[in-house]
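Visitor: Pasting target-v3.cif here (mmCIF, C-alpha atoms and all ligand atoms):
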```cif
data_work
#
loop_
_atom_site.label_atom_id
_atom_site.label_comp_id
_atom_site.auth_asym_id
_atom_site.auth_seq_id
_atom_site.Cartn_x
_atom_site.Cartn_y
_atom_site.Cartn_z
CA MET A 1 -8.40 -39.36 -44.23
CA THR A 2 -6.17 -36.75 -42.74
CA TYR A 3 -2.43 -36.51 -42.22
CA ARG A 4 -3.13 -34.95 -38.84
CA PRO A 5 -1.39 -36.91 -36.08
CA ARG A 6 -3.44 -38.81 -33.53
CA TYR A 7 -0.96 -38.59 -30.68
CA HIS A 8 1.93 -36.36 -31.76
CA PHE A 9 1.74 -32.66 -31.04
CA ALA A 10 0.77 -30.46 -34.00
CA PRO A 11 -0.41 -26.82 -34.17
CA PRO A 12 -4.18 -26.24 -34.27
CA PHE A 13 -3.70 -24.50 -37.64
CA GLY A 14 -0.90 -22.60 -39.35
CA TRP A 15 2.82 -23.23 -39.55
CA MET A 16 4.99 -24.63 -36.71
CA ASN A 17 8.75 -25.18 -36.42
CA ASP A 18 11.16 -25.43 -33.46
CA PRO A 19 10.04 -26.35 -29.93
CA ASN A 20 10.80 -23.38 -27.64
CA GLY A 21 10.80 -22.72 -23.89
CA LEU A 22 10.23 -26.32 -22.81
CA CYS A 23 9.73 -26.34 -19.04
CA GLN A 24 7.66 -27.38 -16.07
CA PHE A 25 6.23 -24.39 -14.22
CA ASN A 26 4.13 -24.80 -11.07
CA GLY A 27 3.66 -28.49 -11.84
CA VAL A 28 2.46 -27.95 -15.43
CA TYR A 29 4.47 -28.82 -18.53
CA HIS A 30 4.76 -25.99 -21.04
CA MET A 31 5.73 -26.21 -24.66
CA PHE A 32 6.11 -23.13 -26.81
CA TYR A 33 6.91 -23.31 -30.47
CA GLN A 34 7.85 -21.25 -33.51
CA TYR A 35 4.50 -20.38 -34.99
CA HIS A 36 2.97 -18.55 -37.91
CA PRO A 37 -0.76 -18.44 -37.21
CA PHE A 38 -1.78 -16.62 -40.40
CA GLY A 39 -0.66 -19.16 -42.98
CA VAL A 40 0.79 -22.60 -43.60
CA GLU A 41 4.25 -21.30 -44.61
CA TRP A 42 7.07 -19.99 -42.41
CA ASP A 43 6.68 -16.23 -41.93
CA ASP A 44 6.77 -13.65 -39.12
CA MET A 45 7.40 -15.86 -36.12
CA HIS A 46 5.24 -15.93 -32.99
CA TRP A 47 5.51 -18.27 -30.00
CA GLY A 48 2.59 -20.70 -29.97
CA HIS A 49 1.86 -22.27 -26.59
CA ALA A 50 0.44 -25.48 -25.16
CA THR A 51 0.36 -27.03 -21.68
CA SER A 52 0.14 -30.58 -20.41
CA TYR A 53 0.09 -32.68 -17.25
CA ASP A 54 1.63 -35.75 -18.87
CA LEU A 55 3.52 -34.51 -21.98
CA ILE A 56 1.12 -36.60 -24.09
CA HIS A 57 -2.20 -34.75 -23.91
CA TRP A 58 -1.71 -31.07 -24.76
CA GLU A 59 -4.07 -28.15 -24.33
CA HIS A 60 -3.64 -25.31 -26.81
CA LYS A 61 -3.19 -21.92 -25.12
CA PRO A 62 -3.35 -18.37 -26.48
CA ILE A 63 -0.31 -17.24 -28.46
CA ALA A 64 2.39 -16.35 -25.91
CA LEU A 65 4.57 -13.92 -27.87
CA ARG A 66 3.94 -11.84 -30.97
CA PRO A 67 6.36 -9.77 -33.04
CA GLY A 68 5.80 -6.01 -32.99
CA GLN A 69 8.42 -4.02 -31.07
CA ASP A 70 11.26 -2.25 -32.90
CA TYR A 71 13.62 -5.01 -31.81
CA ASP A 72 11.43 -8.02 -32.73
CA ARG A 73 9.33 -6.44 -35.46
CA ASP A 74 9.76 -9.28 -37.97
CA GLY A 75 9.87 -12.30 -35.71
CA VAL A 76 10.06 -13.71 -32.22
CA PHE A 77 12.62 -16.43 -32.90
CA SER A 78 13.58 -19.51 -30.89
CA GLY A 79 14.65 -19.58 -27.25
CA SER A 80 14.23 -21.15 -23.86
CA ALA A 81 12.49 -20.83 -20.48
CA LEU A 82 13.77 -20.43 -16.93
CA ASN A 83 11.94 -20.14 -13.62
CA VAL A 84 13.58 -17.21 -11.79
CA ASP A 85 12.19 -16.90 -8.25
CA GLY A 86 8.72 -18.03 -9.27
CA VAL A 87 8.56 -15.87 -12.41
CA LEU A 88 8.62 -17.65 -15.75
CA HIS A 89 11.29 -16.07 -17.97
CA LEU A 90 11.18 -16.66 -21.73
CA TYR A 91 14.38 -15.74 -23.55
CA TYR A 92 14.05 -15.37 -27.30
CA THR A 93 15.70 -13.78 -30.32
CA GLY A 94 14.16 -10.67 -31.84
CA ASN A 95 14.52 -10.66 -35.62
CA VAL A 96 14.43 -7.59 -37.86
CA TRP A 97 14.89 -7.67 -41.64
CA LEU A 98 17.03 -4.86 -42.97
CA ASP A 99 16.09 -5.23 -46.63
CA GLU A 100 13.09 -6.22 -48.70
CA GLN A 101 14.68 -9.46 -49.91
CA ARG A 102 14.99 -10.62 -46.26
CA GLU A 103 18.70 -11.30 -46.61
CA GLU A 104 20.22 -8.73 -44.28
CA LEU A 105 19.02 -9.04 -40.72
CA LYS A 106 19.59 -7.90 -37.16
CA GLN A 107 19.13 -10.34 -34.31
CA VAL A 108 19.01 -9.36 -30.62
CA GLN A 109 18.29 -11.33 -27.46
CA CYS A 110 15.14 -10.49 -25.50
CA LEU A 111 13.08 -11.47 -22.47
CA ALA A 112 9.39 -11.81 -21.65
CA THR A 113 8.09 -12.77 -18.21
CA SER A 114 4.94 -14.22 -16.68
CA THR A 115 3.69 -15.05 -13.21
CA ASP A 116 0.66 -17.10 -14.32
CA GLY A 117 2.28 -18.99 -17.20
CA VAL A 118 -0.33 -17.74 -19.68
CA THR A 119 0.19 -13.99 -20.16
CA PHE A 120 3.65 -12.73 -21.01
CA THR A 121 5.07 -9.21 -20.81
CA LYS A 122 8.09 -8.12 -22.78
CA HIS A 123 10.80 -6.76 -20.47
CA PRO A 124 11.43 -2.98 -20.40
CA ASN A 125 15.20 -3.59 -20.73
CA ASN A 126 14.75 -5.28 -24.12
CA PRO A 127 16.80 -5.98 -26.04
CA LEU A 128 19.00 -7.47 -23.32
CA ILE A 129 21.84 -8.30 -25.71
CA THR A 130 22.43 -6.32 -28.88
CA GLY A 131 25.03 -6.52 -31.55
CA GLU A 132 27.21 -9.35 -32.49
CA PRO A 133 29.54 -11.39 -30.35
CA GLU A 134 33.24 -10.96 -30.93
CA ARG A 135 34.25 -12.05 -34.45
CA GLY A 136 30.66 -13.08 -35.17
CA ASN A 137 28.13 -11.60 -37.54
CA ALA A 138 24.45 -10.75 -37.64
CA HIS A 139 23.27 -14.37 -37.30
CA VAL A 140 23.20 -14.86 -33.55
CA ARG A 141 20.19 -16.49 -31.98
CA ASP A 142 18.33 -19.15 -30.01
CA PRO A 143 19.29 -18.37 -26.38
CA LYS A 144 19.40 -21.36 -24.04
CA VAL A 145 19.55 -20.21 -20.43
CA TRP A 146 20.33 -22.13 -17.26
CA THR A 147 21.40 -21.41 -13.68
CA GLU A 148 24.32 -22.91 -11.81
CA ASN A 149 25.94 -21.98 -8.47
CA GLY A 150 23.83 -18.85 -8.12
CA ARG A 151 24.75 -17.45 -11.54
CA TYR A 152 22.92 -17.46 -14.85
CA TYR A 153 24.38 -18.66 -18.13
CA MET A 154 23.21 -18.31 -21.70
CA ILE A 155 24.52 -19.84 -24.89
CA LEU A 156 23.77 -18.56 -28.37
CA GLY A 157 24.26 -20.18 -31.75
CA THR A 158 26.18 -18.10 -34.27
CA ARG A 159 28.71 -18.24 -37.07
CA ASP A 160 31.86 -16.85 -38.59
CA VAL A 161 32.30 -16.40 -42.30
CA LYS A 162 32.15 -20.17 -42.69
CA ASP A 163 32.13 -21.82 -39.26
CA GLY A 164 29.32 -22.44 -36.80
CA LYS A 165 30.01 -21.81 -33.13
CA VAL A 166 28.50 -21.33 -29.68
CA VAL A 167 29.12 -18.29 -27.52
CA LEU A 168 28.62 -18.13 -23.74
CA TYR A 169 27.17 -15.22 -21.72
CA GLU A 170 26.92 -14.82 -17.95
CA SER A 171 24.67 -12.83 -15.60
CA ASN A 172 24.08 -12.17 -11.89
CA ASP A 173 20.43 -11.27 -12.21
CA ALA A 174 19.17 -12.97 -15.42
CA ILE A 175 18.72 -9.49 -16.99
CA HIS A 176 22.19 -7.97 -17.49
CA TRP A 177 24.51 -10.19 -19.52
CA THR A 178 28.25 -10.21 -20.17
CA GLU A 179 29.86 -12.03 -23.05
CA ARG A 180 32.38 -14.66 -21.91
CA GLY A 181 33.50 -15.95 -25.29
CA VAL A 182 33.26 -18.77 -27.78
CA ILE A 183 33.14 -22.19 -26.10
CA ALA A 184 32.77 -24.50 -29.11
CA GLY A 185 32.99 -24.47 -32.88
CA GLU A 186 35.18 -22.45 -35.22
CA THR A 187 36.86 -25.62 -36.42
CA GLY A 188 35.42 -25.61 -39.95
CA GLU A 189 34.26 -29.20 -39.47
CA HIS A 190 30.63 -28.84 -38.54
CA GLY A 191 28.78 -26.58 -40.94
CA TRP A 192 28.57 -22.83 -41.30
CA MET A 193 25.90 -21.94 -38.72
CA TRP A 194 24.95 -23.55 -35.42
CA GLU A 195 21.28 -23.19 -34.56
CA CYS A 196 19.38 -24.04 -31.38
CA PRO A 197 22.25 -24.95 -29.03
CA ASP A 198 21.45 -26.61 -25.70
CA LEU A 199 23.95 -27.47 -22.96
CA PHE A 200 23.09 -29.66 -19.99
CA SER A 201 24.63 -32.03 -17.47
CA LEU A 202 23.72 -35.68 -17.69
CA ASP A 203 25.24 -38.43 -15.59
CA GLY A 204 28.25 -36.25 -14.74
CA ARG A 205 29.02 -35.13 -18.32
CA ASP A 206 28.13 -31.92 -20.14
CA VAL A 207 26.26 -32.54 -23.36
CA LEU A 208 26.19 -29.85 -26.05
CA LEU A 209 23.27 -30.40 -28.40
CA LEU A 210 23.14 -28.37 -31.59
CA SER A 211 21.59 -28.09 -35.02
CA PRO A 212 24.38 -27.25 -37.48
CA GLN A 213 23.45 -26.01 -40.93
CA GLY A 214 25.44 -27.13 -43.92
CA MET A 215 27.38 -30.27 -43.02
CA GLU A 216 28.21 -32.30 -46.12
CA PRO A 217 27.10 -35.95 -46.44
CA ASP A 218 29.83 -38.35 -45.33
CA ASP A 219 29.24 -42.01 -46.23
CA ASP A 220 25.99 -42.95 -44.43
CA ARG A 221 26.02 -39.83 -42.25
CA TYR A 222 24.54 -36.33 -42.63
CA HIS A 223 22.07 -36.97 -45.43
CA ASN A 224 19.50 -34.46 -44.25
CA LEU A 225 19.73 -30.86 -45.44
CA HIS A 226 20.78 -29.79 -41.92
CA GLN A 227 21.89 -31.92 -38.98
CA CYS A 228 21.04 -32.33 -35.33
CA GLY A 229 23.63 -33.90 -33.06
CA TYR A 230 25.74 -33.59 -29.95
CA PHE A 231 29.12 -33.54 -28.28
CA ILE A 232 29.86 -35.12 -24.91
CA GLY A 233 32.38 -33.18 -22.86
CA SER A 234 32.96 -30.99 -19.85
CA LEU A 235 32.34 -27.27 -19.47
CA ASP A 236 34.47 -25.07 -17.25
CA VAL A 237 32.50 -21.84 -16.98
CA ASP A 238 35.42 -20.01 -15.33
CA THR A 239 37.91 -20.31 -18.19
CA PRO A 240 35.46 -20.69 -20.12
CA VAL A 241 36.31 -23.82 -22.10
CA TYR A 242 34.21 -26.73 -23.29
CA LYS A 243 36.34 -29.81 -23.97
CA HIS A 244 34.52 -32.41 -26.00
CA GLY A 245 34.71 -35.52 -28.15
CA THR A 246 33.41 -36.06 -31.68
CA PHE A 247 30.08 -34.94 -33.12
CA THR A 248 27.40 -37.64 -33.21
CA GLU A 249 24.10 -37.48 -35.07
CA LEU A 250 21.24 -37.79 -32.63
CA ASP A 251 18.59 -39.34 -34.89
CA TYR A 252 18.96 -41.17 -38.19
CA GLY A 253 15.57 -40.42 -39.77
CA HIS A 254 14.64 -37.89 -42.45
CA ASP A 255 12.87 -35.43 -40.15
CA PHE A 256 14.60 -34.36 -36.98
CA TYR A 257 15.83 -30.85 -36.17
CA ALA A 258 16.07 -28.08 -33.56
CA ALA A 259 15.87 -30.53 -30.63
CA GLN A 260 15.62 -28.95 -27.17
CA THR A 261 15.63 -30.37 -23.64
CA PHE A 262 14.53 -29.51 -20.12
CA GLN A 263 14.66 -31.20 -16.74
CA ASP A 264 11.38 -32.01 -15.04
CA ASP A 265 10.61 -32.27 -11.32
CA ARG A 266 11.37 -35.99 -11.38
CA GLY A 267 14.90 -35.18 -12.52
CA ARG A 268 14.35 -36.51 -16.03
CA ARG A 269 16.14 -34.82 -18.96
CA ILE A 270 13.42 -34.73 -21.62
CA LEU A 271 13.93 -33.91 -25.30
CA ILE A 272 11.43 -32.82 -27.94
CA ALA A 273 12.46 -32.08 -31.53
CA TRP A 274 10.83 -30.63 -34.59
CA ASN A 275 9.79 -33.74 -36.57
CA ALA A 276 10.66 -32.07 -39.88
CA MET A 277 13.42 -30.69 -42.07
CA TRP A 278 13.63 -27.36 -43.84
CA GLU A 279 12.97 -26.96 -47.56
CA ARG A 280 10.80 -29.92 -48.36
CA ASN A 281 7.16 -30.40 -49.34
CA TRP A 282 4.46 -30.42 -46.70
CA PRO A 283 1.37 -32.25 -48.04
CA GLU A 284 -0.54 -31.43 -44.84
CA GLN A 285 -0.58 -27.75 -45.87
CA ALA A 286 -3.66 -28.60 -47.95
CA GLU A 287 -5.34 -29.31 -44.58
CA GLY A 288 -4.41 -25.91 -43.13
CA TRP A 289 -1.61 -26.89 -40.75
CA THR A 290 2.12 -27.71 -41.06
CA ASN A 291 4.42 -29.96 -39.03
CA GLN A 292 4.44 -31.96 -35.84
CA MET A 293 6.82 -32.55 -32.91
CA THR A 294 8.52 -35.86 -32.09
CA LEU A 295 7.36 -37.85 -29.11
CA PRO A 296 9.00 -36.59 -25.90
CA ARG A 297 12.07 -38.70 -25.13
CA GLU A 298 13.98 -39.27 -21.92
CA LEU A 299 17.74 -38.97 -22.32
CA SER A 300 20.46 -41.06 -20.71
CA LEU A 301 24.16 -41.61 -21.32
CA ARG A 302 25.18 -45.20 -21.89
CA ASN A 303 28.38 -46.56 -23.46
CA GLY A 304 29.47 -43.06 -24.47
CA ARG A 305 26.26 -42.43 -26.42
CA LEU A 306 23.15 -40.40 -25.83
CA TYR A 307 20.15 -42.75 -25.68
CA MET A 308 16.64 -41.47 -26.39
CA THR A 309 13.79 -43.52 -24.93
CA PRO A 310 10.12 -42.53 -25.28
CA ILE A 311 8.93 -41.13 -21.95
CA GLU A 312 7.11 -43.78 -19.93
CA GLU A 313 3.84 -41.80 -20.13
CA VAL A 314 3.55 -42.93 -23.78
CA THR A 315 2.20 -46.25 -22.52
CA ILE A 316 -0.98 -44.54 -21.27
CA LEU A 317 -2.00 -44.37 -24.93
CA ARG A 318 -2.14 -48.18 -25.22
CA ARG A 319 -5.73 -49.35 -25.53
CA THR A 320 -5.42 -52.94 -26.77
CA SER A 321 -2.54 -55.32 -27.38
CA GLU A 322 -2.33 -58.33 -29.68
CA GLN A 323 0.39 -60.71 -30.83
CA ILE A 324 1.04 -60.47 -34.55
CA ASP A 325 2.59 -62.73 -37.17
CA GLY A 326 3.33 -61.89 -40.81
CA THR A 327 -0.30 -60.98 -41.56
CA PRO A 328 -0.89 -57.40 -42.75
CA PHE A 329 -2.40 -55.08 -40.17
CA GLU A 330 -4.08 -51.71 -40.33
CA GLY A 331 -4.08 -48.59 -38.22
CA ASP A 332 -2.84 -45.03 -37.91
CA ALA A 333 -2.21 -44.89 -34.16
CA LEU A 334 0.02 -47.83 -33.30
CA GLU A 335 3.01 -49.05 -31.35
CA LEU A 336 4.83 -52.20 -32.38
CA THR A 337 7.43 -53.97 -30.24
CA PHE A 338 9.54 -57.01 -31.12
CA SER A 339 12.99 -58.58 -30.98
CA ALA A 340 14.99 -59.44 -34.08
CA ILE A 341 16.57 -62.88 -34.33
CA GLY A 342 17.61 -62.25 -37.94
CA ASP A 343 16.68 -60.03 -40.86
CA PHE A 344 13.23 -58.49 -41.16
CA THR A 345 11.28 -55.86 -43.11
CA LEU A 346 8.41 -53.69 -41.95
CA HIS A 347 6.38 -52.33 -44.86
CA CYS A 348 4.40 -49.37 -43.66
CA PHE A 349 1.83 -47.09 -45.18
CA GLY A 350 1.40 -49.48 -48.10
CA ASP A 351 4.76 -49.50 -49.80
CA THR A 352 5.59 -45.86 -49.17
CA ALA A 353 8.17 -46.73 -46.54
CA THR A 354 10.10 -49.73 -45.29
CA PHE A 355 12.19 -50.20 -42.19
CA SER A 356 14.50 -53.19 -42.40
CA LYS A 357 17.39 -55.02 -40.82
CA GLN A 358 19.74 -56.87 -43.18
CA GLY A 359 22.72 -58.24 -41.29
CA ASP A 360 24.27 -55.31 -39.48
CA VAL A 361 22.49 -52.67 -41.57
CA LEU A 362 19.39 -50.84 -40.37
CA GLU A 363 17.60 -48.91 -43.07
CA LEU A 364 14.59 -46.63 -43.30
CA LYS A 365 13.49 -46.03 -46.88
CA ARG A 366 10.86 -43.40 -47.62
CA ASP A 367 9.79 -42.99 -51.24
CA GLY A 368 13.15 -44.45 -52.24
CA ASP A 369 15.11 -42.01 -50.08
CA ILE A 370 17.32 -44.08 -47.76
CA ARG A 371 18.67 -43.38 -44.28
CA ARG A 372 20.97 -46.15 -43.14
CA ILE A 373 23.35 -47.02 -40.32
CA LYS A 374 25.53 -49.96 -39.40
CA ALA A 375 24.38 -51.22 -36.02
CA ASP A 376 23.51 -54.36 -34.15
CA GLY A 377 19.73 -54.00 -33.90
CA ARG A 378 18.26 -56.38 -31.32
CA THR A 379 15.06 -54.88 -29.93
CA PHE A 380 12.64 -52.55 -31.69
CA ARG A 381 9.88 -50.22 -30.59
CA ILE A 382 8.12 -48.54 -33.48
CA PHE A 383 5.50 -45.80 -33.30
CA ILE A 384 3.21 -45.24 -36.27
CA ASP A 385 0.97 -42.18 -36.40
CA ALA A 386 -1.15 -40.88 -39.28
CA SER A 387 1.84 -39.50 -41.20
CA SER A 388 4.95 -40.45 -39.23
CA ILE A 389 7.13 -43.25 -37.96
CA GLU A 390 9.59 -43.31 -35.05
CA VAL A 391 11.81 -46.36 -34.62
CA PHE A 392 13.62 -46.86 -31.31
CA VAL A 393 16.35 -49.52 -31.55
CA ASN A 394 17.92 -51.24 -28.51
CA ASP A 395 16.00 -49.13 -26.00
CA GLY A 396 16.93 -45.85 -27.68
CA GLU A 397 20.56 -46.47 -28.68
CA TYR A 398 19.57 -45.57 -32.27
CA VAL A 399 16.42 -43.73 -33.35
CA PHE A 400 14.91 -42.98 -36.76
CA SER A 401 12.19 -40.29 -37.02
CA SER A 402 10.47 -39.49 -40.30
CA ARG A 403 7.22 -38.11 -41.65
CA ILE A 404 5.55 -40.34 -44.23
CA TYR A 405 2.78 -39.19 -46.55
CA SER A 406 0.80 -41.93 -48.18
CA GLN A 407 -2.60 -42.61 -49.69
CA HIS A 408 -2.32 -46.14 -48.24
CA ARG A 409 -1.36 -44.94 -44.89
CA ILE A 410 -3.09 -47.49 -42.73
CA LYS A 411 -1.70 -50.69 -44.28
CA HIS A 412 1.40 -52.29 -42.77
CA LYS A 413 3.16 -55.68 -42.77
CA LEU A 414 6.03 -57.08 -40.72
CA SER A 415 7.84 -60.12 -42.04
CA GLY A 416 11.11 -61.88 -41.28
CA HIS A 417 12.98 -63.33 -38.35
CA ILE A 418 11.40 -61.73 -35.37
CA THR A 419 9.99 -62.85 -32.08
CA GLU A 420 7.54 -61.59 -29.47
CA ALA A 421 5.87 -59.13 -31.84
CA THR A 422 3.17 -57.17 -30.04
CA LEU A 423 0.92 -54.56 -31.58
CA PHE A 424 -0.63 -51.90 -29.38
CA ARG A 425 -3.53 -49.84 -30.66
CA PHE A 426 -3.67 -46.37 -29.19
CA THR A 427 -6.56 -44.26 -28.05
CA ASP A 428 -7.51 -41.52 -30.46
CA ASN A 429 -6.29 -38.17 -29.18
CA ARG A 430 -7.40 -36.23 -32.18
C1 LIG B 1 15.86 -23.32 -36.52
C2 LIG B 1 15.64 -21.83 -36.72
C3 LIG B 1 16.23 -21.04 -35.58
C4 LIG B 1 15.42 -19.77 -35.58
C5 LIG B 1 14.06 -20.28 -35.97
C6 LIG B 1 13.25 -19.29 -36.77
O1 LIG B 1 14.97 -24.13 -37.20
O2 LIG B 1 16.19 -21.42 -37.97
O3 LIG B 1 17.63 -20.82 -35.65
O4 LIG B 1 15.42 -19.11 -34.35
O5 LIG B 1 14.26 -21.47 -36.71
O6 LIG B 1 11.94 -19.74 -36.94
#
```
For the structure just supplied, provide its representation as structure tokens.
Ligand code: FRU

Guide:
Amino acid sequence: MTYRPRYHFAPPFGWMNDPNGLCQFNGVYHMFYQYHPFGVEWDDMHWGHATSYDLIHWEHKPIALRPGQDYDRDGVFSGSALNVDGVLHLYYTGNVWLDEQREELKQVQCLATSTDGVTFTKHPNNPLITGEPERGNAHVRDPKVWTENGRYYMILGTRDVKDGKVVLYESNDAIHWTERGVIAGETGEHGWMWECPDLFSLDGRDVLLLSPQGMEPDDDRYHNLHQCGYFIGSLDVDTPVYKHGTFTELDYGHDFYAAQTFQDDRGRRILIAWNAMWERNWPEQAEGWTNQMTLPRELSLRNGRLYMTPIEEVTILRRTSEQIDGTPFEGDALELTFSAIGDFTLHCFGDTATFSKQGDVLELKRDGDIRRIKADGRTFRIFIDASSIEVFVNDGEYVFSSRIYSQHRIKHKLSGHITEATLFRFTDNR
């Protein structure tokens, strides 16, 4: 049996981290990703590439970007995509190590373009942005670019000596950029480096999504090595000031980072995250590949929270459905839906993991490592793949995403006070 997912996206071989350049170009969905094709560990970053018509079935494409120029010699780091007058623009960070220990680095912002969405040419003006933003340092990366009122905007994640922050740039032509200043961070409250920022409008508010490194655990919150969460606020690009509320974790599982979004031609704001966390073990490396993405999720703002709901296309995977009671069931490509009328426990992958509701506590335990929140869990939609679980509570109000590695990975059991439990078996995409 393999850990390879049946319906989540994973690289054909080699190492994968962040989703990059998510977009829809000429009617086709594109996903790029941080990729090391020559080994199962993180190393000189490339941009892997895949395309899809439904965000569920992906076709692997040739590698889109490789390191090699003076300015991106040691890595083509994360970034985003923008369609500028019919030309696909990929903005990324060029990484260069300045010492053998790979501690000192130089990071610059670069562009590659394509008219066919398959072959990309690095721009002659590269690097478009060099040096460090005001008061910043060498860690400055992960450009997210968007257009608004005929102008182009870019945010970058960066840091001070101890504080993460986001800096805004502006451009008339998507090539020449001017720094406008820091729009968020520098408060000392949210870690020492902000990676992979994303800023987008949703239901009249401006959401800033980010992946801060180094927030300390606080009660039940922030138990992963690094976090991924958001602010809700409003951005005034003229001042420029981003006023916002408190930071909220976006997902409560063990493996969720570097989330990015894009808007598709149906107006949906869709998010995909790296279904992993840095600095852990990856048992799938023995099989020649590393890491998978989360399911794509549609975002909405409800009751002052960001909800994540699996995109509706996920239902095309359903092959059979059956009502289940407390009897054990098997499978490594499943969706389970039910309502809770009291406490319950789902044992999955043998006893490797449990997801349970006890009163107002929802808890996902993996190999004894607990992620827990206080919440009123009423309805549940749970996706089980060969080595992962994603739990959507109350239509996406709370989500838990974790990888689970087990020798007993096809045995599961749901018991407790639940109603209308339906099990869907999925088609095999592998
Ligand atoms: C986030 C990150 C980014 C960087 C990329 C390098 O996981 O550290 O900040 O661009 O990974 O692969």

Visitor: Please report the interatomic distance between atom CA of Gly14 of chain A and atom CA of Val40 of chain A in Å with one decimal.

Guide: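 Rounded to one decimal, the two atoms are 4.6 Å apart.
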
Visitor: So which residues are near ligand LIG 1 (chain B), meaning at most 6 Å away with only C-alpha atoms and all ligand atoms counted, given back as a VMD selection string?

Guide: chain A and resid 18 34 77 to 78 141 to 142 195 to 196 258

Visitor: Could you work out how far atom CA of Glu298 of chain A lies from atom CA of Arg151 of chain A, giving the answer in Å with one decimal?

Guide: 26.5 Å

Visitor: Got a sec: who's within 10 Å of Asp236 of chain A, counting only C-alpha atoms, leaving out chain neighbours fewer than 4 positions off, as a list of chain:residue names?

Guide: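 Listed by chain and then number, they are A:Ile183, A:Asp206, A:Pro240, A:Val241, A:Tyr242, A:Lys243.
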
Visitor: Put the listed atoms of segment 370-383 of chain A in a box along x, y and z with 6 Å added on every side and give me the centre and edge lengths in Å to one decimal, as JSON.

Guide:
```
{"center_x": 15.5, "center_y": -49.9, "center_z": -38.8, "size_x": 32.0, "size_y": 25.0, "size_z": 29.8}
```

Visitor: Could you make a table, as JSON lines, of the residues of segment 11-35 of chain A that have an atom within 10 Å of an atom of segment 56-64 of chain A, each with its nearest atom pair and distance in Å to one decimal, counting all atoms listed in the file, in chain and number order?

Guide:
```
{"residue": "A:Pro11", "atom": "CA", "partner": "A:His60", "partner_atom": "CA", "distance": 8.2}
{"residue": "A:Pro12", "atom": "CA", "partner": "A:His60", "partner_atom": "CA", "distance": 7.5}
{"residue": "A:Tyr29", "atom": "CA", "partner": "A:Trp58", "partner_atom": "CA", "distance": 9.1}
{"residue": "A:His30", "atom": "CA", "partner": "A:Trp58", "partner_atom": "CA", "distance": 9.0}
{"residue": "A:Met31", "atom": "CA", "partner": "A:Trp58", "partner_atom": "CA", "distance": 8.9}
{"residue": "A:Phe32", "atom": "CA", "partner": "A:Ala64", "partner_atom": "CA", "distance": 7.8}
{"residue": "A:Tyr33", "atom": "CA", "partner": "A:Ala64", "partner_atom": "CA", "distance": 9.5}
{"residue": "A:Tyr35", "atom": "CA", "partner": "A:Ile63", "partner_atom": "CA", "distance": 8.7}
```

Visitor: Out of A:Phe25, A:Trp289, A:Cys228, A:Trp282, which residue has the shortest atom-to-atom distance to Phe9 of chain A when counting all atoms listed in the file?

Guide: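 Selected residue with least distance to Phe9 of chain A: A:Trp289.
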
Visitor: If we count all atoms listed in the file, what is near Leu105 of chain A at a cut-off of 6 Å, once residues fewer than 4 positions away on the same chain are taken out, given as a list in words?

Guide: Val96, Trp97 and Leu98 of chain A

Visitor: Counting all atoms listed in the file, which residues sit no farther than 12 Å from the position (-10.8, -41.2, -45.5) in the file's frame? I'd like them as an MDAnalysis selection string.

Guide: chainID A and resid 1:4 332 386 406:410

Visitor: Looking at A:Arg205, A:Thr239, A:Arg371, A:Lys365, which one is nearest to Asp219 of chain A, with distances taken over all atoms listed in the file?

Guide: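 Once distances to Asp219 of chain A are computed over all atoms listed in the file, the minimum belongs to A:Arg371.
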
Visitor: Using all atoms listed in the file for the distances, tell me which of A:Gly267, A:Pro5, A:Pro67, A:Gly79 is nearest to Ile389 of chain A.

Guide: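 Among the listed residues, A:Pro5 lies closest to Ile389 of chain A.
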
Visitor: So, with all atoms listed in the file as the atoms that count, which of A:Trp15, A:Arg268, A:Thr261, A:Asp198 lies closest to Glu41 of chain A?

Guide: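 Counting all atoms listed in the file, the residue closest to Glu41 of chain A is A:Trp15.
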
Visitor: Taking 5 positions as the minimum chain separation for residues in the same chain, which residues sit within 8 Å of His254 of chain A when counting only C-alpha atoms? Answer as an MDAnalysis selection string.

Guide: chainID A and resid 224 276:277 371 400:403

Visitor: Give me, please, the distance in Å between atom CA of Tyr153 of chain A and atom CA of Asp265 of chain A, quoted to one decimal.

Guide: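 So the two atoms, atom CA of Tyr153 of chain A and atom CA of Asp265 of chain A, lie 20.5 Å apart.
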
Visitor: Contacts of segment 323-329 of chain A at 10 Å or less, counting all atoms listed in the file, minus same-chain residues fewer than 5 places along, as a list in words?

Guide: Leu336, Thr337, Phe338, Leu346, His347, Cys348, Gly350, Ile410, Lys411, His412, Lys413, Leu414, Ser415, Gly416, Ile418, Thr419, Glu420, Ala421, Thr422, Leu423 and Phe424 of chain A

Visitor: Pick out the closest residue to Tyr7 of chain A from this set: A:Ile311, A:Leu306, A:Leu295, A:Val161. Count only C-alpha atoms.

Guide: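 Closest candidate: A:Leu295.
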
Visitor: Which residue out of A:Gln69, A:Arg318, A:Pro143, A:Ser387 has the minimum interatomic distance to Thr290 of chain A when only C-alpha atoms are used?

Guide: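 Answer, going by the shortest atom-to-atom distance: A:Ser387.
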